[in-house]
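Dropping coords-v2.txt in here (compact mmCIF, N, CA and C atoms):
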```
# COMPACT_ATOMS: atom_id res chain seq x y z
N MET A 244 -26.08 1.42 -5.75
CA MET A 244 -24.69 1.54 -5.38
C MET A 244 -23.85 0.53 -6.14
N VAL A 245 -22.77 0.99 -6.67
CA VAL A 245 -21.87 0.13 -7.44
C VAL A 245 -21.30 -0.98 -6.56
N ILE A 246 -20.92 -0.63 -5.37
CA ILE A 246 -20.23 -1.61 -4.51
C ILE A 246 -21.15 -2.76 -4.11
N LEU A 247 -22.44 -2.48 -3.93
CA LEU A 247 -23.37 -3.53 -3.55
C LEU A 247 -23.75 -4.42 -4.72
N SER A 248 -23.65 -3.90 -5.93
CA SER A 248 -24.04 -4.69 -7.10
C SER A 248 -22.85 -5.36 -7.78
N SER A 249 -21.65 -5.09 -7.31
CA SER A 249 -20.45 -5.67 -7.93
C SER A 249 -20.33 -7.15 -7.57
N PRO A 250 -19.77 -7.93 -8.47
CA PRO A 250 -19.52 -9.34 -8.15
C PRO A 250 -18.58 -9.45 -6.95
N SER A 251 -18.66 -10.55 -6.25
CA SER A 251 -17.94 -10.75 -5.00
C SER A 251 -16.45 -10.40 -5.04
N PRO A 252 -15.66 -10.84 -6.02
CA PRO A 252 -14.23 -10.49 -5.99
C PRO A 252 -13.98 -8.98 -6.03
N PHE A 253 -14.78 -8.28 -6.83
CA PHE A 253 -14.61 -6.83 -6.91
C PHE A 253 -15.12 -6.15 -5.64
N GLN A 254 -16.17 -6.71 -5.07
CA GLN A 254 -16.72 -6.14 -3.84
C GLN A 254 -15.67 -6.19 -2.73
N GLU A 255 -14.98 -7.31 -2.61
CA GLU A 255 -13.96 -7.44 -1.58
C GLU A 255 -12.83 -6.42 -1.79
N GLU A 256 -12.43 -6.24 -3.03
CA GLU A 256 -11.37 -5.28 -3.33
C GLU A 256 -11.83 -3.86 -3.03
N LEU A 257 -13.07 -3.53 -3.39
CA LEU A 257 -13.60 -2.20 -3.11
C LEU A 257 -13.71 -1.95 -1.61
N ILE A 258 -14.10 -2.97 -0.86
CA ILE A 258 -14.17 -2.82 0.60
C ILE A 258 -12.78 -2.52 1.15
N GLU A 259 -11.79 -3.26 0.68
CA GLU A 259 -10.43 -3.11 1.18
C GLU A 259 -9.79 -1.78 0.78
N VAL A 260 -10.01 -1.36 -0.46
CA VAL A 260 -9.32 -0.19 -1.00
C VAL A 260 -10.08 1.11 -0.75
N ALA A 261 -11.40 1.06 -0.76
CA ALA A 261 -12.18 2.30 -0.67
C ALA A 261 -12.99 2.43 0.61
N VAL A 262 -13.77 1.42 0.94
CA VAL A 262 -14.71 1.56 2.05
C VAL A 262 -14.00 1.68 3.40
N ILE A 263 -13.19 0.72 3.74
CA ILE A 263 -12.56 0.72 5.06
C ILE A 263 -11.67 1.94 5.28
N PRO A 264 -10.78 2.30 4.35
CA PRO A 264 -9.96 3.48 4.60
C PRO A 264 -10.75 4.79 4.67
N HIS A 265 -11.79 4.92 3.85
CA HIS A 265 -12.52 6.19 3.79
C HIS A 265 -13.63 6.32 4.83
N LEU A 266 -14.16 5.21 5.31
CA LEU A 266 -15.25 5.29 6.27
C LEU A 266 -14.83 4.93 7.69
N SER A 267 -13.57 4.67 7.91
CA SER A 267 -13.12 4.27 9.25
C SER A 267 -13.34 5.36 10.29
N GLY A 268 -13.37 6.61 9.90
CA GLY A 268 -13.59 7.70 10.85
C GLY A 268 -14.98 8.31 10.77
N ILE A 269 -15.93 7.59 10.20
CA ILE A 269 -17.27 8.14 9.97
C ILE A 269 -17.99 8.50 11.28
N ALA A 270 -17.68 7.85 12.36
CA ALA A 270 -18.35 8.13 13.64
C ALA A 270 -18.10 9.57 14.10
N GLU A 271 -17.00 10.17 13.65
CA GLU A 271 -16.67 11.54 14.06
C GLU A 271 -17.16 12.59 13.08
N ASP A 272 -17.76 12.18 11.98
CA ASP A 272 -18.26 13.14 10.99
C ASP A 272 -19.34 14.00 11.62
N ARG A 273 -19.38 15.28 11.27
CA ARG A 273 -20.33 16.21 11.88
C ARG A 273 -21.71 16.15 11.25
N ASP A 274 -21.81 15.61 10.05
CA ASP A 274 -23.07 15.58 9.32
C ASP A 274 -23.85 14.29 9.61
N LEU A 275 -25.01 14.44 10.23
CA LEU A 275 -25.84 13.29 10.60
C LEU A 275 -26.23 12.46 9.38
N ALA A 276 -26.62 13.12 8.30
CA ALA A 276 -27.06 12.39 7.10
C ALA A 276 -25.91 11.55 6.54
N VAL A 277 -24.71 12.09 6.56
CA VAL A 277 -23.54 11.35 6.07
C VAL A 277 -23.27 10.15 6.97
N ARG A 278 -23.30 10.36 8.29
CA ARG A 278 -23.07 9.26 9.23
C ARG A 278 -24.11 8.16 9.05
N ARG A 279 -25.37 8.56 8.91
CA ARG A 279 -26.45 7.58 8.78
C ARG A 279 -26.33 6.78 7.48
N GLN A 280 -26.09 7.47 6.36
CA GLN A 280 -25.97 6.77 5.08
C GLN A 280 -24.73 5.88 5.04
N ALA A 281 -23.63 6.36 5.57
CA ALA A 281 -22.41 5.55 5.61
C ALA A 281 -22.61 4.32 6.48
N THR A 282 -23.28 4.50 7.60
CA THR A 282 -23.56 3.37 8.49
C THR A 282 -24.43 2.34 7.79
N GLN A 283 -25.44 2.80 7.06
CA GLN A 283 -26.30 1.87 6.34
C GLN A 283 -25.52 1.11 5.27
N LEU A 284 -24.61 1.79 4.59
CA LEU A 284 -23.76 1.12 3.60
C LEU A 284 -22.90 0.06 4.27
N LEU A 285 -22.31 0.40 5.40
CA LEU A 285 -21.48 -0.55 6.14
C LEU A 285 -22.28 -1.77 6.57
N VAL A 286 -23.51 -1.53 7.03
CA VAL A 286 -24.39 -2.63 7.43
C VAL A 286 -24.70 -3.53 6.24
N ASP A 287 -25.07 -2.93 5.12
CA ASP A 287 -25.39 -3.71 3.92
C ASP A 287 -24.20 -4.55 3.47
N LEU A 288 -23.03 -3.96 3.52
CA LEU A 288 -21.82 -4.70 3.12
C LEU A 288 -21.50 -5.82 4.10
N ALA A 289 -21.61 -5.53 5.39
CA ALA A 289 -21.30 -6.54 6.41
C ALA A 289 -22.27 -7.71 6.33
N GLU A 290 -23.51 -7.42 6.01
CA GLU A 290 -24.52 -8.47 5.93
C GLU A 290 -24.19 -9.50 4.84
N SER A 291 -23.59 -9.04 3.76
CA SER A 291 -23.27 -9.96 2.66
C SER A 291 -21.81 -10.42 2.66
N CYS A 292 -21.04 -9.95 3.62
CA CYS A 292 -19.61 -10.26 3.66
C CYS A 292 -19.34 -11.51 4.51
N SER A 293 -18.53 -12.40 3.98
CA SER A 293 -18.18 -13.59 4.75
C SER A 293 -16.66 -13.78 4.82
N THR A 294 -15.93 -12.72 4.56
CA THR A 294 -14.46 -12.79 4.58
C THR A 294 -13.92 -12.06 5.81
N HIS A 295 -12.60 -11.93 5.84
CA HIS A 295 -11.95 -11.25 6.96
C HIS A 295 -12.30 -9.76 7.04
N HIS A 296 -12.85 -9.20 5.99
CA HIS A 296 -13.24 -7.78 6.02
C HIS A 296 -14.44 -7.54 6.92
N PHE A 297 -15.18 -8.59 7.23
CA PHE A 297 -16.36 -8.47 8.09
C PHE A 297 -15.99 -7.82 9.42
N THR A 298 -14.88 -8.25 9.99
CA THR A 298 -14.44 -7.71 11.28
C THR A 298 -14.14 -6.22 11.19
N SER A 299 -13.49 -5.80 10.13
CA SER A 299 -13.19 -4.37 9.95
C SER A 299 -14.46 -3.55 9.79
N LEU A 300 -15.42 -4.08 9.04
CA LEU A 300 -16.70 -3.38 8.87
C LEU A 300 -17.41 -3.27 10.21
N LEU A 301 -17.41 -4.35 10.99
CA LEU A 301 -18.06 -4.31 12.31
C LEU A 301 -17.37 -3.34 13.25
N ASP A 302 -16.06 -3.24 13.17
CA ASP A 302 -15.32 -2.29 14.01
C ASP A 302 -15.81 -0.86 13.76
N ILE A 303 -16.03 -0.53 12.50
CA ILE A 303 -16.49 0.82 12.16
C ILE A 303 -17.92 1.02 12.64
N ILE A 304 -18.78 0.03 12.42
CA ILE A 304 -20.18 0.12 12.89
C ILE A 304 -20.20 0.25 14.41
N GLU A 305 -19.32 -0.47 15.09
CA GLU A 305 -19.25 -0.39 16.55
C GLU A 305 -18.91 1.02 17.02
N ARG A 306 -18.01 1.70 16.32
CA ARG A 306 -17.66 3.07 16.71
C ARG A 306 -18.85 4.01 16.57
N VAL A 307 -19.66 3.79 15.54
CA VAL A 307 -20.88 4.61 15.38
C VAL A 307 -21.85 4.28 16.51
N ALA A 308 -22.06 3.00 16.78
CA ALA A 308 -23.00 2.58 17.81
C ALA A 308 -22.57 3.02 19.20
N SER A 309 -21.28 3.25 19.39
CA SER A 309 -20.76 3.63 20.71
C SER A 309 -20.84 5.12 20.99
N ARG A 310 -21.29 5.89 20.01
CA ARG A 310 -21.42 7.33 20.24
C ARG A 310 -22.38 7.56 21.40
N SER A 311 -22.20 8.62 22.10
CA SER A 311 -23.04 8.94 23.24
C SER A 311 -24.50 9.11 22.83
N LEU A 312 -25.38 8.61 23.65
CA LEU A 312 -26.82 8.76 23.40
C LEU A 312 -27.41 9.90 24.20
N VAL A 313 -26.56 10.76 24.71
CA VAL A 313 -27.03 11.94 25.44
C VAL A 313 -27.12 13.09 24.47
N CYS A 314 -28.31 13.61 24.31
CA CYS A 314 -28.52 14.72 23.38
C CYS A 314 -28.27 16.04 24.10
N PRO A 315 -27.61 16.98 23.43
CA PRO A 315 -27.40 18.29 24.04
C PRO A 315 -28.71 19.04 24.17
N GLY A 316 -28.82 19.84 25.19
CA GLY A 316 -30.03 20.65 25.35
C GLY A 316 -31.03 19.98 26.27
N PRO A 317 -32.04 20.76 26.73
CA PRO A 317 -32.99 20.25 27.69
C PRO A 317 -33.94 19.19 27.12
N LEU A 318 -34.30 19.31 25.84
CA LEU A 318 -35.20 18.35 25.22
C LEU A 318 -34.57 17.80 23.96
N GLU A 319 -34.88 16.56 23.69
CA GLU A 319 -34.43 16.00 22.42
C GLU A 319 -35.17 16.68 21.29
N VAL A 320 -34.57 16.65 20.13
CA VAL A 320 -35.21 17.21 18.94
C VAL A 320 -36.56 16.55 18.72
N SER A 321 -36.61 15.22 18.86
CA SER A 321 -37.85 14.50 18.60
C SER A 321 -38.94 14.85 19.62
N GLU A 322 -38.56 15.29 20.83
CA GLU A 322 -39.54 15.68 21.83
C GLU A 322 -40.09 17.07 21.54
N ARG A 323 -39.27 17.94 20.93
CA ARG A 323 -39.74 19.28 20.59
C ARG A 323 -40.55 19.26 19.31
N ASP A 324 -40.11 18.48 18.35
CA ASP A 324 -40.75 18.41 17.04
C ASP A 324 -40.78 16.96 16.59
N PRO A 325 -41.94 16.32 16.68
CA PRO A 325 -42.03 14.90 16.35
C PRO A 325 -41.63 14.56 14.91
N THR A 326 -41.68 15.55 14.00
CA THR A 326 -41.32 15.29 12.61
C THR A 326 -39.82 15.44 12.37
N ALA A 327 -39.11 16.03 13.33
CA ALA A 327 -37.66 16.25 13.18
C ALA A 327 -36.90 14.95 13.44
N GLU A 328 -35.74 14.84 12.85
CA GLU A 328 -34.89 13.68 13.01
C GLU A 328 -34.02 13.84 14.25
N SER A 329 -33.86 12.78 15.00
CA SER A 329 -33.02 12.82 16.19
C SER A 329 -31.55 12.88 15.78
N PRO A 330 -30.73 13.62 16.54
CA PRO A 330 -29.29 13.66 16.23
C PRO A 330 -28.60 12.31 16.48
N MET A 331 -29.31 11.37 17.06
CA MET A 331 -28.75 10.04 17.32
C MET A 331 -29.27 9.00 16.34
N GLU A 332 -29.79 9.46 15.22
CA GLU A 332 -30.36 8.54 14.22
C GLU A 332 -29.31 7.58 13.66
N ASP A 333 -28.05 8.02 13.62
CA ASP A 333 -26.99 7.13 13.13
C ASP A 333 -26.74 5.97 14.08
N VAL A 334 -26.86 6.23 15.38
CA VAL A 334 -26.70 5.17 16.38
C VAL A 334 -27.83 4.16 16.22
N ARG A 335 -29.05 4.69 16.05
CA ARG A 335 -30.20 3.81 15.86
C ARG A 335 -30.02 2.98 14.58
N THR A 336 -29.52 3.60 13.52
CA THR A 336 -29.27 2.88 12.26
C THR A 336 -28.23 1.77 12.48
N ALA A 337 -27.19 2.08 13.25
CA ALA A 337 -26.15 1.08 13.52
C ALA A 337 -26.71 -0.11 14.29
N ILE A 338 -27.51 0.16 15.31
CA ILE A 338 -28.06 -0.93 16.12
C ILE A 338 -29.08 -1.73 15.33
N ARG A 339 -29.94 -1.05 14.60
CA ARG A 339 -30.91 -1.75 13.75
C ARG A 339 -30.16 -2.62 12.74
N GLY A 340 -29.09 -2.08 12.19
CA GLY A 340 -28.27 -2.83 11.25
C GLY A 340 -27.62 -4.05 11.88
N LEU A 341 -27.11 -3.88 13.10
CA LEU A 341 -26.51 -5.02 13.80
C LEU A 341 -27.54 -6.11 14.05
N LEU A 342 -28.77 -5.71 14.34
CA LEU A 342 -29.84 -6.70 14.53
C LEU A 342 -30.12 -7.45 13.23
N GLU A 343 -30.13 -6.73 12.12
CA GLU A 343 -30.34 -7.37 10.81
C GLU A 343 -29.18 -8.32 10.48
N ILE A 344 -27.97 -7.87 10.76
CA ILE A 344 -26.79 -8.71 10.49
C ILE A 344 -26.86 -9.97 11.35
N LEU A 345 -27.22 -9.82 12.62
CA LEU A 345 -27.32 -10.98 13.51
C LEU A 345 -28.33 -11.98 12.98
N GLN A 346 -29.47 -11.49 12.53
CA GLN A 346 -30.50 -12.40 12.02
C GLN A 346 -30.02 -13.16 10.79
N SER A 347 -29.26 -12.52 9.93
CA SER A 347 -28.78 -13.22 8.73
C SER A 347 -27.57 -14.10 9.02
N LYS A 348 -26.68 -13.66 9.91
CA LYS A 348 -25.46 -14.42 10.20
C LYS A 348 -25.72 -15.60 11.15
N LEU A 349 -26.84 -15.58 11.83
CA LEU A 349 -27.17 -16.65 12.77
C LEU A 349 -27.26 -18.00 12.08
N TYR A 350 -27.60 -17.99 10.81
CA TYR A 350 -27.81 -19.23 10.06
C TYR A 350 -26.74 -19.48 9.01
N SER A 351 -25.58 -18.85 9.17
CA SER A 351 -24.51 -19.05 8.19
C SER A 351 -23.16 -19.17 8.90
N LEU A 352 -22.22 -19.72 8.18
CA LEU A 352 -20.87 -19.85 8.70
C LEU A 352 -20.02 -18.68 8.25
N PRO A 353 -19.03 -18.28 8.96
CA PRO A 353 -18.58 -18.79 10.24
C PRO A 353 -19.45 -18.27 11.39
N ALA A 354 -19.58 -19.09 12.40
CA ALA A 354 -20.41 -18.75 13.56
C ALA A 354 -19.82 -17.58 14.35
N SER A 355 -18.54 -17.35 14.20
CA SER A 355 -17.89 -16.25 14.93
C SER A 355 -18.47 -14.89 14.52
N HIS A 356 -19.00 -14.78 13.31
CA HIS A 356 -19.59 -13.52 12.88
C HIS A 356 -20.83 -13.20 13.70
N ALA A 357 -21.73 -14.18 13.84
CA ALA A 357 -22.94 -13.97 14.64
C ALA A 357 -22.58 -13.72 16.10
N SER A 358 -21.59 -14.44 16.58
CA SER A 358 -21.16 -14.28 17.96
C SER A 358 -20.63 -12.87 18.22
N ARG A 359 -19.85 -12.36 17.31
CA ARG A 359 -19.28 -11.01 17.46
C ARG A 359 -20.38 -9.95 17.45
N VAL A 360 -21.36 -10.10 16.56
CA VAL A 360 -22.47 -9.14 16.50
C VAL A 360 -23.26 -9.18 17.80
N TYR A 361 -23.52 -10.37 18.30
CA TYR A 361 -24.26 -10.53 19.56
C TYR A 361 -23.51 -9.84 20.70
N GLU A 362 -22.20 -10.03 20.76
CA GLU A 362 -21.38 -9.39 21.79
C GLU A 362 -21.44 -7.87 21.68
N LEU A 363 -21.45 -7.34 20.46
CA LEU A 363 -21.55 -5.89 20.27
C LEU A 363 -22.89 -5.37 20.80
N LEU A 364 -23.96 -6.09 20.50
CA LEU A 364 -25.29 -5.66 20.96
C LEU A 364 -25.38 -5.68 22.48
N ILE A 365 -24.87 -6.74 23.10
CA ILE A 365 -24.88 -6.83 24.56
C ILE A 365 -24.02 -5.73 25.17
N GLY A 366 -22.86 -5.49 24.59
CA GLY A 366 -21.99 -4.41 25.06
C GLY A 366 -22.66 -3.05 24.95
N HIS A 367 -23.41 -2.86 23.87
CA HIS A 367 -24.12 -1.59 23.69
C HIS A 367 -25.19 -1.42 24.76
N LEU A 368 -25.93 -2.47 25.05
CA LEU A 368 -26.94 -2.39 26.10
C LEU A 368 -26.30 -2.13 27.46
N GLN A 369 -25.16 -2.72 27.72
CA GLN A 369 -24.46 -2.47 28.98
C GLN A 369 -24.06 -1.00 29.11
N LEU A 370 -23.68 -0.38 27.97
CA LEU A 370 -23.37 1.05 27.99
C LEU A 370 -24.59 1.88 28.39
N HIS A 371 -25.76 1.46 27.93
CA HIS A 371 -26.99 2.17 28.28
C HIS A 371 -27.16 2.21 29.80
N TYR A 372 -27.01 1.07 30.43
CA TYR A 372 -27.24 1.01 31.87
C TYR A 372 -26.08 1.62 32.66
N LYS A 373 -24.87 1.47 32.17
CA LYS A 373 -23.71 2.06 32.84
C LYS A 373 -23.80 3.59 32.83
N ASN A 374 -24.19 4.16 31.68
CA ASN A 374 -24.26 5.61 31.54
C ASN A 374 -25.64 6.19 31.83
N LYS A 375 -26.56 5.32 32.21
CA LYS A 375 -27.93 5.72 32.57
C LYS A 375 -28.61 6.53 31.47
N TYR A 376 -28.51 6.02 30.23
CA TYR A 376 -29.19 6.68 29.11
C TYR A 376 -30.69 6.53 29.29
N SER A 377 -31.40 7.64 29.25
CA SER A 377 -32.85 7.58 29.42
C SER A 377 -33.60 8.36 28.35
N SER A 378 -32.92 8.76 27.30
CA SER A 378 -33.57 9.51 26.24
C SER A 378 -34.55 8.62 25.49
N ALA A 379 -35.42 9.23 24.72
CA ALA A 379 -36.39 8.48 23.92
C ALA A 379 -35.68 7.58 22.92
N VAL A 380 -34.59 8.06 22.33
CA VAL A 380 -33.84 7.25 21.37
C VAL A 380 -33.24 6.03 22.07
N ALA A 381 -32.66 6.23 23.24
CA ALA A 381 -32.06 5.13 23.99
C ALA A 381 -33.12 4.09 24.35
N CYS A 382 -34.27 4.54 24.79
CA CYS A 382 -35.36 3.61 25.12
C CYS A 382 -35.81 2.84 23.89
N SER A 383 -35.90 3.54 22.78
CA SER A 383 -36.30 2.91 21.52
C SER A 383 -35.30 1.84 21.10
N ILE A 384 -34.03 2.12 21.26
CA ILE A 384 -32.98 1.16 20.90
C ILE A 384 -33.07 -0.07 21.79
N ARG A 385 -33.23 0.14 23.10
CA ARG A 385 -33.34 -1.00 24.02
C ARG A 385 -34.54 -1.87 23.67
N LEU A 386 -35.63 -1.23 23.32
CA LEU A 386 -36.84 -1.96 22.94
C LEU A 386 -36.61 -2.79 21.67
N GLN A 387 -35.94 -2.21 20.69
CA GLN A 387 -35.64 -2.94 19.45
C GLN A 387 -34.79 -4.18 19.73
N VAL A 388 -33.78 -4.02 20.57
CA VAL A 388 -32.89 -5.14 20.88
C VAL A 388 -33.65 -6.21 21.67
N ALA A 389 -34.48 -5.79 22.60
CA ALA A 389 -35.21 -6.74 23.44
C ALA A 389 -36.21 -7.57 22.65
N TYR A 390 -36.82 -6.99 21.65
CA TYR A 390 -37.85 -7.71 20.90
C TYR A 390 -37.36 -8.33 19.61
N THR A 391 -36.06 -8.41 19.44
CA THR A 391 -35.54 -9.04 18.22
C THR A 391 -34.94 -10.38 18.53
```

Please rewrite the model in this file as structure tokens.
Amino acid sequence: MVILSSPSPFQEELIEVAVIPHLSGIAEDRDLAVRRQATQLLVDLAESCSTHHFTSLLDIIERVASRSLVCPGPLEVSERDPTAESPMEDVRTAIRGLLEILQSKLYSLPASHASRVYELLIGHLQLHYKNKYSSAVACSIRLQVAYT
């Protein structure tokens, strides 16, 4: 990816001009693969970002992570076909990414970045219990957060 390999000044400009405006509504995209790849890009950028754009990137990741974990239909896709991808794979990517960001930001300044990521993860877990998410994906996400 050009944006990940660009020197820092250009990366910041690309985030401001291209990434944030074009990916701000990614949580509503109908294509799972697009949501998942865009979320991974946002995670990668946020992990290396130490400027004011970090907050905007996290806001977008938060919208993806806040999507409902209730799958339509009687069984989840993964329960019917273990090789199939879950329709909530983008949420899992967002949470896994937040965990990676937390691990890297925990040892760097500003401390507010790690604090914000931690608050997002706790808020996400609270949504699980508030909405009584019990799907396999929801359980998997809770397990990842608990053991990280």

Which of these residues is nearest to Arg339 (chain A), using all atoms listed in the file: A:Val286, A:Ala281, A:Leu266, A:Val260?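 When distances to Arg339 (chain A) are compared using all atoms listed in the file, the smallest one comes from A:Val286.
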
In Å, rounded to a single decimal, give me how far CA of Arg310 (chain A) is from atom N of Leu275 (chain A). 12.8 Å

Of the candidates A:Ala289, A:Ala337, A:Ala357, A:Ala308, which shows the shortest atom-to-atom distance to His371 (chain A), using only C-alpha atoms?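 Among the listed residues, A:Ala308 lies closest to His371 (chain A).
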
Quick one: of A:Gln280, A:Ser311, A:Pro330, A:Arg335, who's nearest to Ser383 (chain A), counting all atoms listed in the file?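 Of all the options, A:Arg335 lies closest to Ser383 (chain A).
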
Pick out each residue of region 296-386 of chain A that DSSP on the backbone tags as helix (DSSP H, G or I); I need them as a ChimeraX atom specification. /A:296-308,320-323,332-348,354-373,379-386

Pick out the residues sitting within 8 Å of Ile338 (chain A), and hand them over as a JSON list (two decimals) with N, CA and C atoms, keeping the file's coordinate frame; count only N, CA and C atoms, and ignore anything fewer than 5 positions along from it in its own chain.
```
[["chain", "number", "residue", "atom", "x", "y", "z"],
["A", 304, "ILE", "N", -18.78, 0.03, 12.42],
["A", 304, "ILE", "CA", -20.18, 0.12, 12.89],
["A", 304, "ILE", "C", -20.20, 0.25, 14.41],
["A", 307, "VAL", "N", -19.66, 3.79, 15.54],
["A", 307, "VAL", "CA", -20.88, 4.61, 15.38],
["A", 307, "VAL", "C", -21.85, 4.28, 16.51],
["A", 308, "ALA", "N", -22.06, 3.00, 16.78],
["A", 308, "ALA", "CA", -23.00, 2.58, 17.81],
["A", 308, "ALA", "C", -22.57, 3.02, 19.20],
["A", 332, "GLU", "N", -29.79, 9.46, 15.22],
["A", 332, "GLU", "CA", -30.36, 8.54, 14.22],
["A", 332, "GLU", "C", -29.31, 7.58, 13.66],
["A", 333, "ASP", "N", -28.05, 8.02, 13.62],
["A", 333, "ASP", "CA", -26.99, 7.13, 13.13],
["A", 333, "ASP", "C", -26.74, 5.97, 14.08],
["A", 343, "GLU", "N", -30.13, -6.73, 12.12],
["A", 343, "GLU", "CA", -30.34, -7.37, 10.81],
["A", 343, "GLU", "C", -29.18, -8.32, 10.48],
["A", 344, "ILE", "N", -27.97, -7.87, 10.76],
["A", 344, "ILE", "CA", -26.79, -8.71, 10.49],
["A", 344, "ILE", "C", -26.86, -9.97, 11.35],
["A", 364, "LEU", "N", -23.96, -6.09, 20.50],
["A", 364, "LEU", "CA", -25.29, -5.66, 20.96],
["A", 364, "LEU", "C", -25.38, -5.68, 22.48],
["A", 384, "ILE", "N", -34.03, 2.12, 21.26],
["A", 384, "ILE", "CA", -32.98, 1.16, 20.90],
["A", 384, "ILE", "C", -33.07, -0.07, 21.79],
["A", 387, "GLN", "N", -35.94, -2.21, 20.69],
["A", 387, "GLN", "CA", -35.64, -2.94, 19.45],
["A", 387, "GLN", "C", -34.79, -4.18, 19.73],
["A", 388, "VAL", "N", -33.78, -4.02, 20.57],
["A", 388, "VAL", "CA", -32.89, -5.14, 20.88],
["A", 388, "VAL", "C", -33.65, -6.21, 21.67]]
```

What's the separation between CA of Ser351 (chain A) and CA of Ser299 (chain A), in Å to one decimal place? 18.6 Å

For atom C of Tyr361 (chain A) and CA of Arg273 (chain A), quote the distance in Å rounded to one decimal. 27.7 Å

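Each of A:His265, A:Arg359, A:His367, A:Lys348 was compared to Glu290 (chain A) using all atoms listed in the file, and A:Lys348 turns out to be the nearest.
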
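Each of A:Ala276, A:Ala379, A:Leu300, A:Ser355 was checked against Ile263 (chain A) using only N, CA and C atoms; the smallest atom-to-atom distance is that of A:Leu300.
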
Atoms kept (N, CA and C atoms) for region 351-366 of chain A, as an mmCIF file, in the first residue's frame:
```
data_model
loop_
_atom_site.group_PDB
_atom_site.id
_atom_site.type_symbol
_atom_site.label_atom_id
_atom_site.label_comp_id
_atom_site.auth_asym_id
_atom_site.auth_seq_id
_atom_site.Cartn_x
_atom_site.Cartn_y
_atom_site.Cartn_z
ATOM 1 N N SER A 351 4.092 4.219 24.370
ATOM 2 C CA SER A 351 4.489 5.423 23.641
ATOM 3 C C SER A 351 3.618 6.607 24.052
ATOM 4 N N LEU A 352 4.118 7.773 23.759
ATOM 5 C CA LEU A 352 3.376 8.999 24.050
ATOM 6 C C LEU A 352 2.601 9.432 22.820
ATOM 7 N N PRO A 353 1.513 10.099 22.936
ATOM 8 C CA PRO A 353 0.842 10.505 24.158
ATOM 9 C C PRO A 353 0.041 9.353 24.778
ATOM 10 N N ALA A 354 -0.037 9.366 26.086
ATOM 11 C CA ALA A 354 -0.735 8.314 26.822
ATOM 12 C C ALA A 354 -2.236 8.322 26.534
ATOM 13 N N SER A 355 -2.748 9.451 26.102
ATOM 14 C CA SER A 355 -4.186 9.553 25.815
ATOM 15 C C SER A 355 -4.605 8.600 24.694
ATOM 16 N N HIS A 356 -3.683 8.254 23.799
ATOM 17 C CA HIS A 356 -4.017 7.326 22.720
ATOM 18 C C HIS A 356 -4.326 5.944 23.290
ATOM 19 N N ALA A 357 -3.460 5.442 24.159
ATOM 20 C CA ALA A 357 -3.690 4.127 24.772
ATOM 21 C C ALA A 357 -4.954 4.158 25.624
ATOM 22 N N SER A 358 -5.147 5.253 26.328
ATOM 23 C CA SER A 358 -6.326 5.396 27.181
ATOM 24 C C SER A 358 -7.611 5.348 26.357
ATOM 25 N N ARG A 359 -7.628 6.024 25.238
ATOM 26 C CA ARG A 359 -8.817 6.046 24.375
ATOM 27 C C ARG A 359 -9.117 4.658 23.812
ATOM 28 N N VAL A 360 -8.078 3.937 23.394
ATOM 29 C CA VAL A 360 -8.273 2.588 22.856
ATOM 30 C C VAL A 360 -8.821 1.675 23.948
ATOM 31 N N TYR A 361 -8.277 1.780 25.144
ATOM 32 C CA TYR A 361 -8.746 0.970 26.269
ATOM 33 C C TYR A 361 -10.223 1.252 26.549
ATOM 34 N N GLU A 362 -10.601 2.520 26.542
ATOM 35 C CA GLU A 362 -12.003 2.895 26.763
ATOM 36 C C GLU A 362 -12.910 2.317 25.676
ATOM 37 N N LEU A 363 -12.445 2.312 24.434
ATOM 38 C CA LEU A 363 -13.237 1.729 23.342
ATOM 39 C C LEU A 363 -13.449 0.237 23.561
ATOM 40 N N LEU A 364 -12.401 -0.460 23.972
ATOM 41 C CA LEU A 364 -12.513 -1.904 24.199
ATOM 42 C C LEU A 364 -13.473 -2.204 25.349
ATOM 43 N N ILE A 365 -13.368 -1.455 26.433
ATOM 44 C CA ILE A 365 -14.273 -1.652 27.570
ATOM 45 C C ILE A 365 -15.708 -1.333 27.161
ATOM 46 N N GLY A 366 -15.894 -0.259 26.419
ATOM 47 C CA GLY A 366 -17.232 0.089 25.931
ATOM 48 C C GLY A 366 -17.809 -0.989 25.037
#
```
